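Data file: my_file23.txt. Format and content: compact mmCIF, C-alpha atoms.
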```txt
# COMPACT_ATOMS: atom_id res chain seq x y z
CA MET A 1 39.76 23.41 -0.60
CA THR A 2 36.85 25.50 0.69
CA GLU A 3 34.04 24.12 2.82
CA SER A 4 31.54 24.42 -0.05
CA ALA A 5 33.96 22.68 -2.42
CA ASN A 6 34.42 19.87 0.12
CA LEU A 7 30.67 19.44 0.38
CA SER A 8 30.27 19.48 -3.39
CA SER A 9 32.92 16.81 -3.72
CA THR A 10 31.33 14.72 -0.98
CA LEU A 11 27.92 14.93 -2.63
CA GLN A 12 29.41 13.31 -5.74
CA ARG A 13 29.81 10.15 -3.65
CA ILE A 14 26.04 9.80 -3.64
CA ARG A 15 24.79 7.77 -6.60
CA ALA A 16 23.94 9.97 -9.57
CA ASP A 17 20.51 8.40 -9.99
CA VAL A 18 19.72 9.08 -6.33
CA ARG A 19 20.78 12.72 -6.67
CA ALA A 20 18.48 13.00 -9.68
CA MET A 21 15.49 11.55 -7.82
CA HIS A 22 12.67 13.44 -6.18
CA ALA A 23 12.19 12.52 -2.53
CA TYR A 24 8.88 11.09 -1.34
CA VAL A 25 7.29 14.22 0.11
CA VAL A 26 4.61 14.19 2.78
CA GLN A 27 2.50 17.32 2.38
CA PRO A 28 2.48 19.61 5.46
CA ALA A 29 -0.96 19.36 7.04
CA THR A 30 -0.86 21.59 10.11
CA GLY A 31 -4.22 23.25 10.56
CA LEU A 32 -5.78 21.30 7.68
CA LEU A 33 -8.32 18.50 7.48
CA LYS A 34 -6.01 15.74 6.24
CA MET A 35 -7.79 13.82 3.48
CA ASP A 36 -4.78 12.94 1.33
CA ALA A 37 -3.32 9.79 2.91
CA MET A 38 -6.17 7.29 3.41
CA GLU A 39 -5.81 7.29 7.18
CA ASN A 40 -8.45 5.93 9.55
CA PRO A 41 -10.12 9.03 11.06
CA PHE A 42 -11.08 7.28 14.29
CA SER A 43 -8.89 7.16 17.37
CA LEU A 44 -9.02 4.42 19.99
CA PRO A 45 -11.86 4.67 22.52
CA PRO A 46 -10.63 6.25 25.79
CA ALA A 47 -10.77 2.98 27.76
CA LEU A 48 -8.58 1.25 25.16
CA GLN A 49 -6.18 4.20 25.10
CA THR A 50 -5.68 3.79 28.85
CA ALA A 51 -5.22 0.04 28.59
CA LEU A 52 -2.75 0.33 25.72
CA GLY A 53 -0.78 3.04 27.53
CA ALA A 54 -0.38 0.79 30.53
CA ARG A 55 0.89 -2.09 28.40
CA LEU A 56 3.35 0.05 26.48
CA GLY A 57 4.60 1.67 29.67
CA ALA A 58 5.43 -1.72 31.16
CA LEU A 59 7.61 -2.85 28.25
CA ALA A 60 11.32 -3.52 28.70
CA LEU A 61 12.54 -0.75 26.40
CA ASN A 62 16.11 -1.51 27.48
CA ARG A 63 15.93 -4.88 25.69
CA TYR A 64 15.93 -5.73 22.01
CA PRO A 65 12.71 -7.19 20.58
CA GLY A 66 12.45 -10.90 21.37
CA GLU A 67 10.00 -13.76 21.53
CA ARG A 68 6.98 -11.46 21.64
CA LEU A 69 7.41 -11.01 17.89
CA GLU A 70 6.61 -14.70 17.45
CA ASP A 71 3.31 -14.08 19.25
CA LEU A 72 2.59 -11.25 16.82
CA LYS A 73 3.43 -13.41 13.81
CA GLN A 74 1.02 -16.10 14.96
CA ALA A 75 -1.71 -13.55 15.72
CA LEU A 76 -1.38 -12.06 12.23
CA MET A 77 -1.39 -15.50 10.60
CA ASP A 78 -4.57 -16.34 12.50
CA TYR A 79 -6.17 -12.99 11.67
CA ALA A 80 -5.39 -13.30 7.96
CA GLY A 81 -6.33 -16.98 7.77
CA ALA A 82 -2.96 -18.02 6.37
CA PRO A 83 -2.99 -21.24 4.31
CA ALA A 84 -1.23 -24.38 5.51
CA GLY A 85 2.50 -24.35 4.91
CA SER A 86 2.72 -20.57 5.16
CA ALA A 87 5.25 -18.40 6.92
CA ILE A 88 5.19 -14.69 7.69
CA LEU A 89 7.69 -11.83 7.50
CA LEU A 90 7.23 -8.57 9.41
CA GLY A 91 8.26 -5.15 8.15
CA ASN A 92 8.31 -1.53 9.21
CA GLY A 93 5.21 -0.91 7.13
CA SER A 94 4.75 -2.55 3.74
CA ASP A 95 7.22 0.01 2.33
CA GLU A 96 10.11 -1.84 3.96
CA ILE A 97 8.82 -5.18 2.69
CA ILE A 98 8.73 -3.79 -0.86
CA SER A 99 12.39 -2.81 -0.47
CA LEU A 100 13.30 -6.21 0.98
CA LEU A 101 11.66 -8.04 -1.93
CA ALA A 102 13.64 -6.00 -4.44
CA LEU A 103 16.85 -6.48 -2.47
CA ALA A 104 16.33 -10.24 -2.30
CA CYS A 105 15.82 -10.46 -6.08
CA ALA A 106 18.58 -8.06 -7.22
CA GLN A 107 21.12 -9.97 -9.30
CA ALA A 108 24.80 -9.17 -9.73
CA GLY A 109 25.77 -8.87 -13.39
CA GLN A 110 22.31 -9.44 -14.87
CA ARG A 111 19.61 -6.99 -13.78
CA ALA A 112 16.40 -8.58 -12.58
CA LYS A 113 13.07 -7.02 -13.50
CA LEU A 114 10.08 -5.87 -11.50
CA LEU A 115 6.72 -5.43 -13.23
CA ALA A 116 3.56 -3.64 -12.11
CA PRO A 117 0.44 -2.20 -13.71
CA MET A 118 0.40 1.58 -13.68
CA PRO A 119 -0.87 3.92 -12.41
CA GLY A 120 -0.03 2.20 -9.15
CA PHE A 121 1.88 2.59 -5.91
CA VAL A 122 4.95 4.79 -6.36
CA MET A 123 7.10 2.59 -4.13
CA TYR A 124 7.19 -0.22 -6.71
CA PRO A 125 9.31 1.66 -9.30
CA MET A 126 11.23 3.47 -6.57
CA SER A 127 12.29 0.22 -4.90
CA ALA A 128 13.33 -1.20 -8.27
CA GLN A 129 15.54 1.80 -8.98
CA LEU A 130 17.15 1.87 -5.54
CA GLN A 131 17.90 -1.85 -5.50
CA GLY A 132 19.15 -2.08 -9.08
CA LEU A 133 16.22 -3.76 -10.82
CA ASP A 134 14.64 -2.67 -14.10
CA PHE A 135 11.04 -1.54 -13.75
CA VAL A 136 8.52 -2.66 -16.35
CA ASN A 137 5.42 -0.45 -16.52
CA VAL A 138 2.25 -1.92 -18.02
CA SER A 139 -0.53 0.64 -18.36
CA LEU A 140 -4.03 -0.10 -17.17
CA ASP A 141 -6.82 0.53 -19.63
CA ALA A 142 -8.86 3.76 -19.66
CA ASP A 143 -11.22 2.36 -17.00
CA PHE A 144 -8.27 1.39 -14.78
CA GLN A 145 -8.79 -2.32 -15.40
CA LEU A 146 -5.95 -4.75 -16.12
CA ASP A 147 -5.00 -4.86 -19.78
CA GLU A 148 -4.69 -8.64 -19.91
CA ALA A 149 -3.12 -8.85 -23.36
CA ALA A 150 -0.52 -6.21 -22.51
CA MET A 151 0.25 -7.87 -19.17
CA LEU A 152 0.71 -11.32 -20.72
CA ALA A 153 2.89 -9.91 -23.51
CA ALA A 154 5.08 -8.02 -21.03
CA LEU A 155 5.44 -11.08 -18.81
CA ALA A 156 6.50 -13.22 -21.77
CA GLU A 157 9.00 -10.61 -22.97
CA HIS A 158 10.55 -9.50 -19.69
CA ARG A 159 10.15 -12.54 -17.39
CA PRO A 160 10.17 -10.38 -14.23
CA ALA A 161 11.32 -11.73 -10.90
CA ILE A 162 8.55 -9.80 -9.12
CA THR A 163 5.09 -8.85 -10.37
CA TYR A 164 2.98 -6.58 -8.17
CA LEU A 165 -0.80 -6.69 -8.27
CA ALA A 166 -2.40 -4.20 -5.87
CA TYR A 167 -5.73 -5.67 -4.80
CA PRO A 168 -7.39 -3.13 -4.66
CA ASN A 169 -5.18 -0.69 -6.52
CA ASN A 170 -3.85 2.69 -5.36
CA PRO A 171 -4.70 5.40 -6.46
CA THR A 172 -7.58 4.07 -8.56
CA ALA A 173 -9.31 2.04 -5.78
CA THR A 174 -10.22 -0.66 -8.33
CA LEU A 175 -10.46 -4.36 -7.46
CA TRP A 176 -9.69 -6.34 -10.61
CA GLY A 177 -11.68 -9.43 -11.57
CA GLU A 178 -10.55 -12.76 -10.14
CA ALA A 179 -10.40 -14.56 -13.47
CA VAL A 180 -8.03 -12.12 -15.19
CA VAL A 181 -5.87 -11.83 -12.07
CA GLN A 182 -5.55 -15.62 -11.86
CA ARG A 183 -4.55 -15.83 -15.52
CA VAL A 184 -1.81 -13.25 -14.89
CA ILE A 185 -0.68 -15.22 -11.84
CA ASP A 186 -0.59 -18.40 -13.93
CA ALA A 187 1.55 -16.67 -16.56
CA VAL A 188 4.01 -15.45 -13.92
CA GLY A 189 4.24 -18.94 -12.47
CA ALA A 190 4.93 -20.44 -15.89
CA GLN A 191 8.09 -18.35 -16.23
CA GLY A 192 9.30 -18.80 -12.64
CA GLY A 193 8.49 -15.43 -11.12
CA MET A 194 6.69 -14.42 -7.94
CA VAL A 195 3.49 -12.40 -7.59
CA VAL A 196 3.00 -10.00 -4.69
CA MET A 197 -0.67 -9.36 -4.00
CA ASP A 198 -0.61 -5.98 -2.26
CA GLU A 199 -3.71 -5.93 -0.06
CA ALA A 200 -3.02 -2.70 1.81
CA TYR A 201 -6.71 -1.73 1.52
CA GLN A 202 -8.15 -5.15 2.32
CA PRO A 203 -10.33 -3.93 5.26
CA PHE A 204 -12.47 -2.02 2.73
CA ALA A 205 -12.53 -4.54 -0.13
CA SER A 206 -15.23 -7.07 -0.95
CA ARG A 207 -12.78 -9.96 -1.30
CA SER A 208 -9.21 -11.06 -0.62
CA TRP A 209 -6.84 -13.22 -2.62
CA ILE A 210 -6.35 -15.38 0.48
CA THR A 211 -9.52 -17.17 -0.61
CA ARG A 212 -7.91 -18.23 -3.90
CA MET A 213 -4.73 -19.27 -2.06
CA HIS A 214 -6.84 -21.66 0.00
CA ALA A 215 -8.92 -22.88 -2.93
CA GLU A 216 -6.01 -23.60 -5.29
CA PRO A 217 -2.78 -23.68 -3.27
CA GLU A 218 -0.57 -25.20 -5.96
CA ARG A 219 -1.73 -22.73 -8.59
CA ASN A 220 -0.92 -19.88 -6.17
CA ALA A 221 2.21 -21.32 -4.56
CA HIS A 222 4.32 -18.47 -5.99
CA VAL A 223 1.95 -15.80 -4.61
CA LEU A 224 2.95 -13.64 -1.64
CA LEU A 225 0.19 -11.79 0.20
CA MET A 226 1.33 -8.39 1.50
CA ARG A 227 -0.72 -6.37 3.95
CA THR A 228 -0.29 -3.49 6.36
CA LEU A 229 -1.97 -2.45 9.59
CA SER A 230 -1.97 1.16 8.37
CA LYS A 231 -5.42 0.93 6.79
CA PHE A 232 -6.60 -1.40 9.54
CA GLY A 233 -6.31 1.71 11.71
CA LEU A 234 -2.70 1.80 12.89
CA ALA A 235 -0.90 4.02 10.37
CA GLY A 236 1.32 5.41 13.14
CA VAL A 237 2.44 1.96 14.28
CA ARG A 238 4.21 1.17 10.96
CA LEU A 239 3.70 -2.55 10.66
CA GLY A 240 3.43 -4.54 7.45
CA TYR A 241 3.49 -8.27 6.88
CA LEU A 242 4.06 -10.76 4.07
CA ILE A 243 2.49 -14.23 3.98
CA GLY A 244 3.46 -16.99 1.58
CA GLN A 245 4.88 -20.46 1.22
CA LYS A 246 7.48 -21.06 3.92
CA ALA A 247 10.35 -21.86 1.55
CA LEU A 248 9.90 -18.56 -0.29
CA VAL A 249 9.32 -16.33 2.73
CA GLN A 250 12.36 -17.76 4.52
CA GLU A 251 14.64 -16.71 1.66
CA ILE A 252 13.31 -13.12 1.64
CA ASP A 253 13.60 -12.97 5.42
CA LYS A 254 17.38 -13.38 5.10
CA VAL A 255 17.75 -9.76 3.89
CA ARG A 256 15.57 -8.29 6.66
CA PRO A 257 17.51 -6.17 9.15
CA PRO A 258 17.51 -7.61 12.68
CA TYR A 259 15.10 -5.95 15.10
CA ASN A 260 13.27 -4.07 12.34
CA VAL A 261 10.03 -4.09 14.38
CA SER A 262 10.25 -2.37 17.74
CA VAL A 263 8.76 -3.68 20.97
CA LEU A 264 6.37 -0.71 20.96
CA ASN A 265 5.12 -1.48 17.43
CA CYS A 266 4.82 -5.15 18.28
CA GLU A 267 2.81 -4.66 21.45
CA ALA A 268 0.53 -2.03 19.92
CA ALA A 269 -0.23 -4.39 17.03
CA LEU A 270 -0.93 -7.29 19.38
CA PHE A 271 -3.25 -5.08 21.41
CA ALA A 272 -5.14 -4.04 18.28
CA LEU A 273 -5.52 -7.66 17.17
CA GLU A 274 -7.12 -8.42 20.53
CA HIS A 275 -9.76 -5.79 19.67
CA THR A 276 -10.45 -6.53 16.02
CA ASP A 277 -14.17 -5.95 16.58
CA VAL A 278 -13.47 -2.25 17.24
CA PHE A 279 -11.52 -1.84 14.03
CA ALA A 280 -13.97 -3.94 12.00
CA ALA A 281 -16.77 -1.64 13.14
CA GLN A 282 -14.73 1.38 12.07
CA ALA A 283 -14.11 -0.16 8.64
CA ALA A 284 -17.82 -0.89 8.25
CA GLU A 285 -18.66 2.71 9.15
CA LEU A 286 -16.17 3.96 6.56
CA CYS A 287 -17.60 1.66 3.88
CA ALA A 288 -21.05 3.10 4.58
CA ALA A 289 -19.61 6.62 4.45
CA ARG A 290 -17.94 5.72 1.13
CA THR A 291 -21.30 4.81 -0.40
CA GLU A 292 -22.73 8.18 0.65
CA LEU A 293 -19.62 10.03 -0.55
CA LEU A 294 -19.71 8.40 -4.00
CA ALA A 295 -23.37 9.34 -4.43
CA ALA A 296 -22.75 12.92 -3.32
CA LEU A 297 -19.77 13.32 -5.65
CA ARG A 298 -21.81 12.08 -8.60
CA ARG A 299 -24.41 14.76 -7.89
CA LEU A 300 -21.82 17.53 -7.69
CA PRO A 301 -21.67 19.88 -10.70
CA GLY A 302 -18.12 20.20 -11.95
CA VAL A 303 -17.06 16.66 -11.10
CA GLN A 304 -16.61 15.08 -14.51
CA LYS A 305 -16.09 11.44 -13.44
CA VAL A 306 -16.22 9.41 -10.26
CA TRP A 307 -14.80 5.89 -10.22
CA ASP A 308 -16.20 3.09 -8.08
CA SER A 309 -14.10 2.30 -5.03
CA GLU A 310 -13.14 -0.82 -3.08
CA ALA A 311 -10.81 1.10 -0.76
CA ASN A 312 -11.00 4.03 1.65
CA MET A 313 -10.31 6.47 -1.19
CA VAL A 314 -12.20 7.81 -4.17
CA LEU A 315 -10.71 8.92 -7.48
CA ILE A 316 -12.43 11.76 -9.32
CA ARG A 317 -11.74 13.85 -12.41
CA VAL A 318 -12.40 17.59 -12.49
CA ARG A 319 -11.80 20.29 -15.11
CA ASP A 320 -8.71 21.73 -13.39
CA ALA A 321 -7.21 19.51 -10.70
CA ALA A 322 -4.47 21.96 -9.72
CA ALA A 323 -6.96 24.79 -9.17
CA ALA A 324 -9.34 22.51 -7.26
CA HIS A 325 -6.51 21.20 -5.08
CA ALA A 326 -5.30 24.73 -4.29
CA GLY A 327 -8.83 25.94 -3.63
CA MET A 328 -9.56 23.10 -1.23
CA LYS A 329 -6.30 23.68 0.61
CA ALA A 330 -7.15 27.38 0.97
CA ARG A 331 -10.44 26.26 2.51
CA GLY A 332 -8.65 24.02 5.02
CA VAL A 333 -8.92 20.62 3.33
CA LEU A 334 -5.89 18.70 2.01
CA VAL A 335 -6.44 16.11 -0.74
CA LYS A 336 -4.05 14.54 -3.24
CA ASN A 337 -3.58 15.85 -6.77
CA VAL A 338 -2.47 12.74 -8.67
CA SER A 339 -2.57 14.29 -12.15
CA ALA A 340 1.19 14.16 -12.65
CA MET A 341 1.54 10.49 -11.66
CA HIS A 342 0.39 9.02 -14.99
CA PRO A 343 -1.26 10.23 -18.21
CA LEU A 344 -4.40 8.23 -17.38
CA LEU A 345 -4.78 10.32 -14.22
CA ASP A 346 -5.01 13.64 -16.03
CA GLN A 347 -6.99 16.17 -13.92
CA CYS A 348 -7.63 13.60 -11.20
CA LEU A 349 -7.85 14.07 -7.45
CA ARG A 350 -7.71 11.30 -4.87
CA LEU A 351 -9.93 11.82 -1.84
CA THR A 352 -9.72 9.90 1.42
CA VAL A 353 -12.98 8.45 2.72
CA GLY A 354 -13.38 9.85 6.21
CA SER A 355 -16.09 10.13 8.80
CA THR A 356 -19.45 11.51 7.74
CA ALA A 357 -18.53 14.89 9.24
CA ASP A 358 -15.11 14.98 7.54
CA ASN A 359 -16.63 13.99 4.21
CA ALA A 360 -19.18 16.80 4.46
CA LEU A 361 -16.40 19.35 5.01
CA MET A 362 -14.42 17.90 2.10
CA LEU A 363 -17.44 18.01 -0.21
CA ALA A 364 -18.16 21.63 0.68
CA ALA A 365 -14.55 22.61 0.00
CA LEU A 366 -14.57 20.72 -3.30
CA GLU A 367 -17.84 22.27 -4.46
CA ALA A 368 -16.49 25.75 -3.72
CA SER A 369 -13.22 25.01 -5.56
CA ILE A 370 -14.40 23.62 -8.92
```
Output the structure of this file as structure tokens.
Amino acid sequence: MTESANLSSTLQRIRADVRAMHAYVVQPATGLLKMDAMENPFSLPPALQTALGARLGALALNRYPGERLEDLKQALMDYAGAPAGSAILLGNGSDEIISLLALACAQAGQRAKLLAPMPGFVMYPMSAQLQGLDFVNVSLDADFQLDEAAMLAALAEHRPAITYLAYPNNPTATLWGEAVVQRVIDAVGAQGGMVVMDEAYQPFASRSWITRMHAEPERNAHVLLMRTLSKFGLAGVRLGYLIGQKALVQEIDKVRPPYNVSVLNCEAALFALEHTDVFAAQAAELCAARTELLAALRRLPGVQKVWDSEANMVLIRVRDAAAAHAGMKARGVLVKNVSAMHPLLDQCLRLTVGSTADNALMLAALEASI
């Protein structure tokens, strides 16, 4: 058998559905202003860079992560204001936590279901497919609000093990009303499922579901709050966390790989949590820049629609998203063309909210490209 035939035969060992998938691709950004991934544009102040470097350099890299992770868990619980009776699970970004949730709920013999409003985060359906769950897609309405009737009907029909509610949503940057969200949560609870409130963009939102978890703990006992430090300002650290009732979190924690958070990630996160005022000031600056960006986009000829935002991104519709995306890239600015993600996103671009200077460059490139 030839080498190529051997390889072809070996490739058949990979699951057919995996071979048919498209990989999650990160767009090359060398030499470009990167406005496609909702990253914090601000680096640490020099004095904090020096202090962090000293702490990381002193770590025992020859040892597995240990008790210091417990310090991080407590710091995150305190920072988030976790309700009484809560526990926390750490992940290598929220992406890993999404995979762990699906893995914990996958059933042998009878496929469990995972439900989410769409358009939404691509990792929800991907995790369902990879872990052997059926994904139930419930479309948002034309204004990217929850379609309550459709959600309640889908919940009654499919009885999903996991329901994701991104709060605010990606890529639409919408923060759905509390009343409709609570009614969806109530419906999930009535059929024995869990709700994951994905608050990846919480630093830029006007409210958090943690408030409702405090106000009505029994009504929200089946709610898990998922966050990440990526939008807090530590995208490179890769740290996500899940907070919920102890009995539920402990079960999900059983499928977590040991030592999934490195000592470097742990210490960097602890350091950042000791300087939350720095990151809070950065988030406030970005929220102010978002207000200016939204106003400027609405004045721009050729931008057909601009949606309100409760995140560090803005969704817009233009006449030809592919041409605008290519034109902006040719002018040195990388944004995200989300048109192919869902029919409701036809001709839509997603723009990161950056610094005032970055936003000005992005606006100039957009104006020249539409």
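Residue neighbourhood of Leu224 of chain A, excluding near-sequence residues (fewer than 2 positions): Met194, Val195, Val196, Met197, Asp198, Asn220, Ala221, His222, Met226, Leu242, Ile243, Gly244, Gln245, Leu248 and Val249 of chain A, at 9 Å, using all atoms listed in the file.
Of the residues under consideration (A:Leu7, A:Val314, A:Ala321, A:Leu286), A:Leu286 shows the shortest atom-to-atom contact distance to Pro41 of chain A when counting only C-alpha atoms.
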So for segment 90-107 of chain A, what box centre and size do we get, axis-aligned, 8 Å extra on each of the six sides, every listed atom, Å to one decimal, as AutoDock Vina command-line options?
```
--center_x 12.9 --center_y -5.2 --center_z 0.1 --size_x 32.4 --size_y 26.5 --size_z 34.7
```
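The smallest atom-to-atom distance between Ala284 of chain A and any of A:Ser355, A:Asn6, A:Gln107, A:Asn265, using all atoms listed in the file, is found for A:Ser355.
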For Asn92 of chain A, the closest of A:Tyr124, A:Tyr259, A:Phe271, A:Tyr24 counting only C-alpha atoms is A:Tyr259
Could you check the closest approach to Ala330 of chain A for each of A:Ala16, A:Ala365, A:Leu234, A:Leu130 and tell me which residue wins, using all atoms listed in the file?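 Among the listed residues, the smallest separation from Ala330 of chain A belongs to A:Ala365.
As for atom CA of Val237 of chain A and atom CA of Ala268 of chain A, they are spaced 7.2 Å apart.
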As a short mmCIF file (atom, residue, chain, number, x, y, z; two decimals), keeping the file's coordinate frame, the rebuilt segment 215-224 of chain A with all heavy atoms:
```
data_model
loop_
_atom_site.label_atom_id
_atom_site.label_comp_id
_atom_site.auth_asym_id
_atom_site.auth_seq_id
_atom_site.Cartn_x
_atom_site.Cartn_y
_atom_site.Cartn_z
N ALA A 215 -8.18 -22.05 -1.98
CA ALA A 215 -8.92 -22.88 -2.93
C ALA A 215 -8.00 -23.64 -3.88
O ALA A 215 -8.26 -24.82 -4.20
CB ALA A 215 -9.90 -22.02 -3.73
N GLU A 216 -6.94 -22.98 -4.35
CA GLU A 216 -6.01 -23.60 -5.29
C GLU A 216 -4.58 -23.31 -4.87
O GLU A 216 -3.88 -22.50 -5.47
CB GLU A 216 -6.27 -23.09 -6.71
CG GLU A 216 -7.65 -23.45 -7.25
CD GLU A 216 -7.80 -23.10 -8.72
OE1 GLU A 216 -7.44 -23.95 -9.57
OE2 GLU A 216 -8.24 -21.98 -9.01
N PRO A 217 -4.11 -24.00 -3.82
CA PRO A 217 -2.78 -23.68 -3.27
C PRO A 217 -1.63 -23.91 -4.24
O PRO A 217 -0.70 -23.11 -4.27
CB PRO A 217 -2.68 -24.61 -2.05
CG PRO A 217 -3.72 -25.67 -2.27
CD PRO A 217 -4.81 -25.03 -3.05
N GLU A 218 -1.68 -24.95 -5.04
CA GLU A 218 -0.57 -25.20 -5.96
C GLU A 218 -0.51 -24.14 -7.05
O GLU A 218 0.57 -23.68 -7.43
CB GLU A 218 -0.70 -26.60 -6.57
CG GLU A 218 -0.46 -27.71 -5.57
CD GLU A 218 -0.37 -29.07 -6.22
OE1 GLU A 218 -0.27 -29.13 -7.47
OE2 GLU A 218 -0.40 -30.08 -5.50
N ARG A 219 -1.67 -23.74 -7.54
CA ARG A 219 -1.73 -22.73 -8.59
C ARG A 219 -1.23 -21.37 -8.09
O ARG A 219 -0.78 -20.54 -8.88
CB ARG A 219 -3.18 -22.61 -9.06
CG ARG A 219 -3.38 -21.96 -10.42
CD ARG A 219 -4.84 -22.03 -10.81
NE ARG A 219 -5.07 -21.39 -12.09
CZ ARG A 219 -6.27 -21.21 -12.62
NH1 ARG A 219 -7.36 -21.63 -11.96
NH2 ARG A 219 -6.41 -20.62 -13.79
N ASN A 220 -1.31 -21.16 -6.77
CA ASN A 220 -0.92 -19.88 -6.17
C ASN A 220 0.29 -20.03 -5.24
O ASN A 220 0.51 -19.18 -4.37
CB ASN A 220 -2.10 -19.29 -5.40
CG ASN A 220 -3.21 -18.82 -6.32
OD1 ASN A 220 -3.15 -17.74 -6.89
ND2 ASN A 220 -4.25 -19.66 -6.48
N ALA A 221 1.07 -21.07 -5.44
CA ALA A 221 2.21 -21.32 -4.56
C ALA A 221 3.27 -20.23 -4.66
O ALA A 221 4.05 -20.02 -3.72
CB ALA A 221 2.83 -22.68 -4.87
N HIS A 222 3.32 -19.52 -5.79
CA HIS A 222 4.32 -18.47 -5.99
C HIS A 222 3.76 -17.08 -5.65
O HIS A 222 4.37 -16.07 -5.97
CB HIS A 222 4.83 -18.49 -7.43
CG HIS A 222 3.74 -18.33 -8.45
ND1 HIS A 222 2.74 -19.25 -8.63
CD2 HIS A 222 3.48 -17.34 -9.35
CE1 HIS A 222 1.92 -18.85 -9.59
NE2 HIS A 222 2.35 -17.69 -10.04
N VAL A 223 2.59 -17.06 -4.99
CA VAL A 223 1.95 -15.80 -4.61
C VAL A 223 2.31 -15.45 -3.17
O VAL A 223 2.24 -16.30 -2.27
CB VAL A 223 0.41 -15.89 -4.75
CG1 VAL A 223 -0.26 -14.64 -4.18
CG2 VAL A 223 0.04 -16.09 -6.21
N LEU A 224 2.69 -14.20 -2.97
CA LEU A 224 2.95 -13.64 -1.64
C LEU A 224 1.87 -12.61 -1.35
O LEU A 224 1.62 -11.72 -2.17
CB LEU A 224 4.33 -13.00 -1.57
CG LEU A 224 5.51 -13.95 -1.75
CD1 LEU A 224 6.77 -13.17 -2.10
CD2 LEU A 224 5.73 -14.75 -0.46
#
```
